[in-house]
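Engineer: Here you go, one structure.
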Amino acid sequence: MKADVRPKGEATPVTVDEVGNLIVKVRLSAKKPGVPDRDFRFIFDTGATMCVIDPSVPLDFVWEEPEKNKGVTSTVNDGVGKAIATRITCLKHLDFAGMAREDLTAYRMDLKNTMLGRLQDEPVDGILGMNFLQGTRFVLDVSAGEIRWWQDTQGHRVPLAINSSGHPTLTVKVAGTDVPCTLDTGGNGGFQMPGDPGSSIPSEPFFYGGVSGELKQGNTVKMDCLESGGKAWMKVSLDLVKPGEGGAVIGREVLCAAPMGLDFIDYWVTFTLDAQGNLPYRKAPRRPPLIWERRPAGNRLMVWRVNPISRWAKGGAKEGDEVLAIGSLKGQALTLHSATALSNLNAAQTWLVLRQGKDLALNIPAEE
């Protein structure tokens, strides 16, 4: 008898949504006669301890335990440390990338009607978390739009650990102190850590939130270097948040800057070095402060919290404005995806907004 050899060279597509989330398709089975298998859109999220399923997914695809009282069975903390009540359930059968899981534990919580869903043109059905990804090895290559399974890549290899919450962590040296940071492919930004910049360190405000919809403000400081395993990220931003309002996290500006190998069997991360031999970092452009307000009468694109140092604040955009047009984008062509793509061109724009019953034209300058 010989054990099966893992397949080589298999890849699954991954796309990036308007918020920057990594989106993959998973197939769920109801295991019931007459109920066909269905594909659903999930966020690929190493920062999630368990998978998450939205209540809109039919109950045919999940098991619940009838002996338990209906209602809340657990709580989970979101990105700002807010505890969210949730129910624990099981996905009957999940297929992804040639891997199948039976009775996979998941949180059943609202994704589509919360802040996450309002930041997406097409809200996701679920989150693929670490209780699925444990025991896998893959290369995440966002530039190629794929995840290559059971492979590694050349580059700088650093050991990983799994913390008490089940998150993969990497040790980063910050001002001489070793800080274990969660590798979070579901996290916006680059480096985030609890701390206070102090009055003597120049900083800029930034806003961040979680599924609960609660919004917090932190401060971004510039770092000459952050080191891990003998190599460093050079000239990078560090987002400082108040203790209890977010943890030490490494997000997609680092993890998606270049092909990256993650090994959850032997616990390594392999970074592709940049042309100068440093660890990869790619600062994402600021996204326009827009959010969907979903109503029976029709969805409206609204201005959300405006960073006071942003180009949108300089152009006069205010929270609560309804956006009617951005340049030539209007009607069905005006979406979060199209508005973000136009913003990424970094040119001056004209916004038409409705404020207190009056149409206003706003001249949004280019990014400085």
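Residue numbers start at 1 in each chain; chains themselves are named A, B, ... in the order of the structure tokens; ligands are numbered from 1 in the order shown.
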Any idea what's packed within 12 Å of stretch 149-157 of chain A, counting only C-alpha atoms, ignoring anything in its chain fewer than 2 positions away? Could you give it as a ChimeraX atom specification?
Structural biologist: /A:5-13,96-99,133,135-141,146-147,159-160,170,227-233,258-275,277-280
Engineer: Residues near stretch 174-186 of chain A, anyone? I mean within 6 Å using only C-alpha atoms, not counting same-chain ones fewer than 5 positions away, as a PyMOL selection string.
Structural biologist: chain A and resi 45-47+168-169+226+248-252
Engineer: Which one of A:Glu122, A:Glu18, A:Asp224, A:Glu245 sits closest to A:His337 if you count only C-alpha atoms?
Structural biologist: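 With only C-alpha atoms as the atom set, the closest residue is A:Glu18.
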Engineer: Excluding A:Thr75 and its own-chain neighbours fewer than 5 positions away, which residues fall within 9 Å of it when counting only C-alpha atoms? Please give them as a PyMOL selection string.
Structural biologist: chain A and resi 83-87
Engineer: Any idea what's packed within 9 Å of A:Asp196, counting only C-alpha atoms, ignoring anything in its chain fewer than 3 positions away? Could you give it as a PyMOL selection string?
Structural biologist: chain A and resi 199+218-219+240-242
Engineer: List every residue of stretch 22-125 of chain A that DSSP, applied to the backbone of this structure, places in strand (DSSP E), and write the result as a PyMOL selection string.
Structural biologist: chain A and resi 22-29+38-44+51-53+62-63+74-77+83-96+99-108
Engineer: Take the residues just selected and output them with N, CA and C atoms as a tab-separated table (two decimals), in the first residue's frame.
Structural biologist:
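Output (out-v7.tsv):
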```
chain	number	residue	atom	x	y	z
A	22	LEU	N	-9.82	39.36	-0.57
A	22	LEU	CA	-9.50	38.27	-1.49
A	22	LEU	C	-10.72	37.36	-1.57
A	23	ILE	N	-11.28	37.21	-2.76
A	23	ILE	CA	-12.53	36.47	-2.94
A	23	ILE	C	-12.27	35.17	-3.69
A	24	VAL	N	-12.79	34.07	-3.12
A	24	VAL	CA	-12.70	32.76	-3.76
A	24	VAL	C	-14.09	32.14	-3.80
A	25	LYS	N	-14.26	31.15	-4.67
A	25	LYS	CA	-15.53	30.43	-4.75
A	25	LYS	C	-15.38	29.06	-4.08
A	26	VAL	N	-16.31	28.76	-3.20
A	26	VAL	CA	-16.35	27.45	-2.56
A	26	VAL	C	-17.67	26.77	-2.94
A	27	ARG	N	-17.68	25.47	-2.90
A	27	ARG	CA	-18.89	24.72	-3.22
A	27	ARG	C	-19.42	24.04	-1.96
A	28	LEU	N	-20.70	24.27	-1.68
A	28	LEU	CA	-21.36	23.63	-0.55
A	28	LEU	C	-22.34	22.58	-1.05
A	29	SER	N	-22.42	21.49	-0.30
A	29	SER	CA	-23.35	20.42	-0.61
A	29	SER	C	-24.39	20.32	0.50
A	38	ARG	N	-24.03	24.04	-4.65
A	38	ARG	CA	-23.98	25.43	-5.11
A	38	ARG	C	-22.65	26.06	-4.79
A	39	ASP	N	-22.21	26.99	-5.67
A	39	ASP	CA	-21.00	27.79	-5.43
A	39	ASP	C	-21.37	29.06	-4.68
A	40	PHE	N	-20.52	29.45	-3.74
A	40	PHE	CA	-20.72	30.66	-2.95
A	40	PHE	C	-19.42	31.45	-2.91
A	41	ARG	N	-19.55	32.77	-2.71
A	41	ARG	CA	-18.39	33.67	-2.67
A	41	ARG	C	-17.95	33.83	-1.22
A	42	PHE	N	-16.68	33.48	-0.95
A	42	PHE	CA	-16.12	33.58	0.39
A	42	PHE	C	-14.89	34.49	0.36
A	43	ILE	N	-14.63	35.15	1.49
A	43	ILE	CA	-13.36	35.86	1.70
A	43	ILE	C	-12.31	34.85	2.17
A	44	PHE	N	-11.14	34.90	1.56
A	44	PHE	CA	-10.01	34.02	1.93
A	44	PHE	C	-9.27	34.73	3.06
A	51	CYS	N	-14.41	29.43	10.00
A	51	CYS	CA	-15.20	29.86	8.86
A	51	CYS	C	-16.46	30.57	9.34
A	52	VAL	N	-17.02	31.40	8.46
A	52	VAL	CA	-18.24	32.15	8.76
A	52	VAL	C	-19.20	31.94	7.60
A	53	ILE	N	-20.50	31.79	7.92
A	53	ILE	CA	-21.52	31.63	6.89
A	53	ILE	C	-22.62	32.65	7.14
A	62	VAL	N	-26.42	23.51	6.08
A	62	VAL	CA	-25.81	23.52	7.42
A	62	VAL	C	-26.54	22.55	8.34
A	63	TRP	N	-25.80	22.08	9.34
A	63	TRP	CA	-26.38	21.30	10.44
A	63	TRP	C	-26.56	22.23	11.63
A	74	SER	N	-22.40	31.82	21.06
A	74	SER	CA	-21.00	32.22	21.17
A	74	SER	C	-20.89	33.72	20.88
A	75	THR	N	-19.71	34.25	21.09
A	75	THR	CA	-19.39	35.61	20.68
A	75	THR	C	-18.04	35.59	19.98
A	76	VAL	N	-17.85	36.56	19.08
A	76	VAL	CA	-16.59	36.68	18.36
A	76	VAL	C	-16.23	38.16	18.34
A	77	ASN	N	-14.94	38.47	18.46
A	77	ASN	CA	-14.49	39.86	18.44
A	77	ASN	C	-14.12	40.27	17.02
A	83	ALA	N	-17.31	42.77	20.70
A	83	ALA	CA	-17.85	41.42	20.80
A	83	ALA	C	-19.18	41.34	20.05
A	84	ILE	N	-19.30	40.35	19.15
A	84	ILE	CA	-20.50	40.17	18.35
A	84	ILE	C	-21.12	38.83	18.71
A	85	ALA	N	-22.40	38.85	19.03
A	85	ALA	CA	-23.11	37.62	19.32
A	85	ALA	C	-23.29	36.81	18.05
A	86	THR	N	-23.08	35.50	18.14
A	86	THR	CA	-23.19	34.65	16.95
A	86	THR	C	-23.63	33.26	17.35
A	87	ARG	N	-24.04	32.49	16.36
A	87	ARG	CA	-24.42	31.11	16.58
A	87	ARG	C	-23.40	30.20	15.91
A	88	ILE	N	-23.06	29.10	16.57
A	88	ILE	CA	-22.15	28.13	15.99
A	88	ILE	C	-22.96	27.05	15.29
A	89	THR	N	-22.56	26.72	14.07
A	89	THR	CA	-23.24	25.72	13.28
A	89	THR	C	-22.19	24.87	12.57
A	90	CYS	N	-22.60	23.99	11.67
A	90	CYS	CA	-21.68	23.17	10.90
A	90	CYS	C	-22.07	23.20	9.43
A	91	LEU	N	-21.11	23.38	8.57
A	91	LEU	CA	-21.33	23.23	7.14
A	91	LEU	C	-21.31	21.74	6.83
A	92	LYS	N	-22.35	21.25	6.15
A	92	LYS	CA	-22.46	19.81	5.94
A	92	LYS	C	-21.30	19.26	5.12
A	93	HIS	N	-20.99	19.93	4.00
A	93	HIS	CA	-19.92	19.46	3.13
A	93	HIS	C	-19.42	20.65	2.33
A	94	LEU	N	-18.12	20.94	2.43
A	94	LEU	CA	-17.51	22.07	1.72
A	94	LEU	C	-16.39	21.55	0.84
A	95	ASP	N	-16.40	21.93	-0.45
A	95	ASP	CA	-15.33	21.61	-1.39
A	95	ASP	C	-14.65	22.90	-1.81
A	96	PHE	N	-13.31	22.89	-1.76
A	96	PHE	CA	-12.54	24.03	-2.23
A	96	PHE	C	-11.15	23.55	-2.63
A	99	MET	N	-10.13	20.05	-2.09
A	99	MET	CA	-10.18	19.57	-0.71
A	99	MET	C	-11.62	19.58	-0.23
A	100	ALA	N	-12.01	18.55	0.48
A	100	ALA	CA	-13.37	18.44	1.00
A	100	ALA	C	-13.33	18.37	2.52
A	101	ARG	N	-14.27	19.04	3.14
A	101	ARG	CA	-14.41	18.98	4.59
A	101	ARG	C	-15.86	18.64	4.92
A	102	GLU	N	-16.03	17.68	5.81
A	102	GLU	CA	-17.35	17.31	6.31
A	102	GLU	C	-17.54	17.92	7.70
A	103	ASP	N	-18.77	18.37	7.96
A	103	ASP	CA	-19.14	18.87	9.29
A	103	ASP	C	-18.15	19.93	9.78
A	104	LEU	N	-17.90	20.93	8.94
A	104	LEU	CA	-16.93	21.96	9.25
A	104	LEU	C	-17.59	23.03	10.13
A	105	THR	N	-17.05	23.24	11.31
A	105	THR	CA	-17.62	24.21	12.23
A	105	THR	C	-17.51	25.62	11.67
A	106	ALA	N	-18.58	26.40	11.86
A	106	ALA	CA	-18.60	27.77	11.34
A	106	ALA	C	-19.46	28.64	12.24
A	107	TYR	N	-19.13	29.94	12.26
A	107	TYR	CA	-20.02	30.93	12.86
A	107	TYR	C	-21.09	31.28	11.83
A	108	ARG	N	-22.33	31.36	12.27
A	108	ARG	CA	-23.40	31.82	11.39
A	108	ARG	C	-23.73	33.25	11.81
```
Engineer: Using backbone DSSP assignments, extract all helix (DSSP H, G or I) residues from stretch 71-131 of chain A; output them as a PyMOL selection string.
Structural biologist: chain A and resi 115-118+130-131
Engineer: For the residues selected in the previous step, produce a file with N, CA and C atoms as a short mmCIF file (atom, residue, chain, number, x, y, z; two decimals), in the first residue's frame.
Structural biologist:
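Produced file result.cif, reproduced below:
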```cif
data_model
loop_
_atom_site.label_atom_id
_atom_site.label_comp_id
_atom_site.auth_asym_id
_atom_site.auth_seq_id
_atom_site.Cartn_x
_atom_site.Cartn_y
_atom_site.Cartn_z
N MET A 115 -21.60 46.33 8.26
CA MET A 115 -20.70 47.26 7.61
C MET A 115 -19.92 46.61 6.47
N LEU A 116 -19.51 45.35 6.65
CA LEU A 116 -18.77 44.67 5.60
C LEU A 116 -19.58 44.62 4.31
N GLY A 117 -20.85 44.24 4.40
CA GLY A 117 -21.69 44.15 3.22
C GLY A 117 -21.94 45.50 2.58
N ARG A 118 -22.03 46.55 3.36
CA ARG A 118 -22.28 47.88 2.82
C ARG A 118 -21.05 48.44 2.10
N MET A 130 -9.26 29.72 9.29
CA MET A 130 -8.14 28.85 9.60
C MET A 130 -8.56 27.43 9.95
N ASN A 131 -9.79 27.19 10.40
CA ASN A 131 -10.15 25.79 10.68
C ASN A 131 -10.30 24.98 9.39
#
```
Engineer: Which one is closest to A:Arg311: A:Ala297, A:Val323, A:Ala347, A:Ala339? Count only C-alpha atoms.
Structural biologist: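 For A:Arg311, the nearest of the given residues is A:Ala347.
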Engineer: To one decimal place, how far is atom CA of A:Leu128 from atom CA of A:Val57 in Å?
Structural biologist: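 Atom CA of A:Leu128 sits 14.3 Å away from atom CA of A:Val57.
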Engineer: Find the distance between atom CA of A:Ala348 and atom CA of A:Leu238 and write it in Å to one decimal.
Structural biologist: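 The value is 27.7 Å.
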Engineer: With only C-alpha atoms as the atoms that count, which of A:Val211, A:Val35, A:Ala48, A:Met193 lies nearest to A:Asn113?
Structural biologist: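 Closest to A:Asn113, using only C-alpha atoms: A:Val211.
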Engineer: Please identify all polymer residues within 10 Å of stretch 326-336 of chain A, counting only C-alpha atoms, omitting same-chain residues fewer than 6 positions from it, and present them as an MDAnalysis selection string.
Structural biologist: chainID A and resid 17:19 118:122 287:292 300:301 342:343 348:353 361:362 364
Engineer: Only N, CA and C atoms, please: the residues just picked out, written as an mmCIF file, in the first residue's frame.
Structural biologist:
```
data_model
loop_
_atom_site.group_PDB
_atom_site.id
_atom_site.type_symbol
_atom_site.label_atom_id
_atom_site.label_comp_id
_atom_site.auth_asym_id
_atom_site.auth_seq_id
_atom_site.Cartn_x
_atom_site.Cartn_y
_atom_site.Cartn_z
ATOM 1 N N ASP A 17 -11.873 42.297 -4.381
ATOM 2 C CA ASP A 17 -13.078 43.113 -4.490
ATOM 3 C C ASP A 17 -12.752 44.583 -4.271
ATOM 4 N N GLU A 18 -13.777 45.436 -4.270
ATOM 5 C CA GLU A 18 -13.591 46.881 -4.186
ATOM 6 C C GLU A 18 -13.008 47.338 -2.856
ATOM 7 N N VAL A 19 -13.094 46.511 -1.823
ATOM 8 C CA VAL A 19 -12.520 46.853 -0.521
ATOM 9 C C VAL A 19 -11.086 46.349 -0.403
ATOM 10 N N ARG A 118 -22.033 46.546 3.363
ATOM 11 C CA ARG A 118 -22.276 47.879 2.817
ATOM 12 C C ARG A 118 -21.055 48.438 2.103
ATOM 13 N N LEU A 119 -19.901 47.847 2.335
ATOM 14 C CA LEU A 119 -18.678 48.269 1.659
ATOM 15 C C LEU A 119 -18.408 47.471 0.386
ATOM 16 N N GLN A 120 -19.338 46.597 0.006
ATOM 17 C CA GLN A 120 -19.164 45.754 -1.166
ATOM 18 C C GLN A 120 -20.342 45.947 -2.115
ATOM 19 N N ASP A 121 -20.048 45.934 -3.414
ATOM 20 C CA ASP A 121 -21.133 45.955 -4.395
ATOM 21 C C ASP A 121 -21.936 44.663 -4.335
ATOM 22 N N GLU A 122 -21.243 43.549 -4.193
ATOM 23 C CA GLU A 122 -21.887 42.245 -4.061
ATOM 24 C C GLU A 122 -21.421 41.613 -2.751
ATOM 25 N N ARG A 287 -8.835 54.685 -0.561
ATOM 26 C CA ARG A 287 -10.107 54.424 -1.219
ATOM 27 C C ARG A 287 -11.087 55.544 -0.923
ATOM 28 N N PRO A 288 -11.956 55.862 -1.868
ATOM 29 C CA PRO A 288 -12.929 56.925 -1.615
ATOM 30 C C PRO A 288 -13.847 56.542 -0.457
ATOM 31 N N PRO A 289 -14.225 57.504 0.376
ATOM 32 C CA PRO A 289 -15.021 57.213 1.590
ATOM 33 C C PRO A 289 -16.494 57.013 1.245
ATOM 34 N N LEU A 290 -16.816 55.880 0.618
ATOM 35 C CA LEU A 290 -18.161 55.617 0.125
ATOM 36 C C LEU A 290 -18.704 54.330 0.725
ATOM 37 N N ILE A 291 -20.024 54.282 0.827
ATOM 38 C CA ILE A 291 -20.691 53.122 1.414
ATOM 39 C C ILE A 291 -22.097 53.039 0.839
ATOM 40 N N TRP A 292 -22.611 51.819 0.725
ATOM 41 C CA TRP A 292 -23.962 51.646 0.226
ATOM 42 C C TRP A 292 -24.991 51.823 1.341
ATOM 43 N N ARG A 300 -28.474 53.606 -2.445
ATOM 44 C CA ARG A 300 -27.842 54.918 -2.625
ATOM 45 C C ARG A 300 -26.385 54.814 -2.210
ATOM 46 N N LEU A 301 -25.503 55.470 -2.970
ATOM 47 C CA LEU A 301 -24.089 55.527 -2.635
ATOM 48 C C LEU A 301 -23.848 56.783 -1.816
ATOM 49 N N LEU A 342 -11.620 54.472 -10.626
ATOM 50 C CA LEU A 342 -11.384 55.829 -11.106
ATOM 51 C C LEU A 342 -10.510 56.597 -10.125
ATOM 52 N N SER A 343 -10.737 56.395 -8.840
ATOM 53 C CA SER A 343 -9.923 57.066 -7.824
ATOM 54 C C SER A 343 -8.469 56.653 -7.921
ATOM 55 N N ALA A 348 -7.654 64.528 -10.720
ATOM 56 C CA ALA A 348 -8.722 65.356 -10.154
ATOM 57 C C ALA A 348 -10.075 64.873 -10.685
ATOM 58 N N GLN A 349 -11.116 64.996 -9.860
ATOM 59 C CA GLN A 349 -12.447 64.519 -10.215
ATOM 60 C C GLN A 349 -13.492 65.572 -9.862
ATOM 61 N N THR A 350 -14.628 65.481 -10.547
ATOM 62 C CA THR A 350 -15.794 66.285 -10.177
ATOM 63 C C THR A 350 -16.866 65.341 -9.655
ATOM 64 N N TRP A 351 -17.309 65.593 -8.420
ATOM 65 C CA TRP A 351 -18.385 64.820 -7.822
ATOM 66 C C TRP A 351 -19.658 65.659 -7.811
ATOM 67 N N LEU A 352 -20.775 65.025 -8.153
ATOM 68 C CA LEU A 352 -22.083 65.648 -7.985
ATOM 69 C C LEU A 352 -22.763 64.952 -6.811
ATOM 70 N N VAL A 353 -23.092 65.731 -5.767
ATOM 71 C CA VAL A 353 -23.688 65.151 -4.574
ATOM 72 C C VAL A 353 -24.995 65.866 -4.248
ATOM 73 N N ALA A 361 -21.753 70.519 -6.805
ATOM 74 C CA ALA A 361 -20.601 70.011 -7.539
ATOM 75 C C ALA A 361 -19.360 70.193 -6.668
ATOM 76 N N LEU A 362 -18.621 69.103 -6.446
ATOM 77 C CA LEU A 362 -17.403 69.145 -5.631
ATOM 78 C C LEU A 362 -16.201 68.881 -6.528
ATOM 79 N N ILE A 364 -12.769 67.509 -6.503
ATOM 80 C CA ILE A 364 -11.865 66.682 -5.708
ATOM 81 C C ILE A 364 -10.474 66.731 -6.341
#
```
Engineer: Mind giving me the straight-line distance from atom CA of A:Leu215 to atom CA of A:Val80 in Å, one decimal?
Structural biologist: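 So the two atoms, atom CA of A:Leu215 and atom CA of A:Val80, lie 7.6 Å apart.
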Engineer: Please list as a ChimeraX atom specification every residue within 7 Å of A:Met223, counting only C-alpha atoms and excluding residues in the same chain fewer than 3 positions away.
Structural biologist: /A:235-238
Engineer: The selected residues should be written to file as a PDB file, in the first residue's frame (atoms: C-alpha atoms).
Structural biologist:
```
ATOM      1  CA  LYS A 235      10.213  53.064   4.826  1.00  0.00           C
ATOM      2  CA  VAL A 236       6.802  51.677   5.771  1.00  0.00           C
ATOM      3  CA  SER A 237       3.719  52.986   7.563  1.00  0.00           C
ATOM      4  CA  LEU A 238       2.738  51.690  11.003  1.00  0.00           C
TER       5      LEU A 238
END
```
Engineer: Find the residue from A:Ser143, A:Thr15, A:Gln134, A:Gln356 that sits nearest to A:Gly320; use only C-alpha atoms when measuring.
Structural biologist: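 Residue with the minimum atom-to-atom distance to A:Gly320: A:Gln356.
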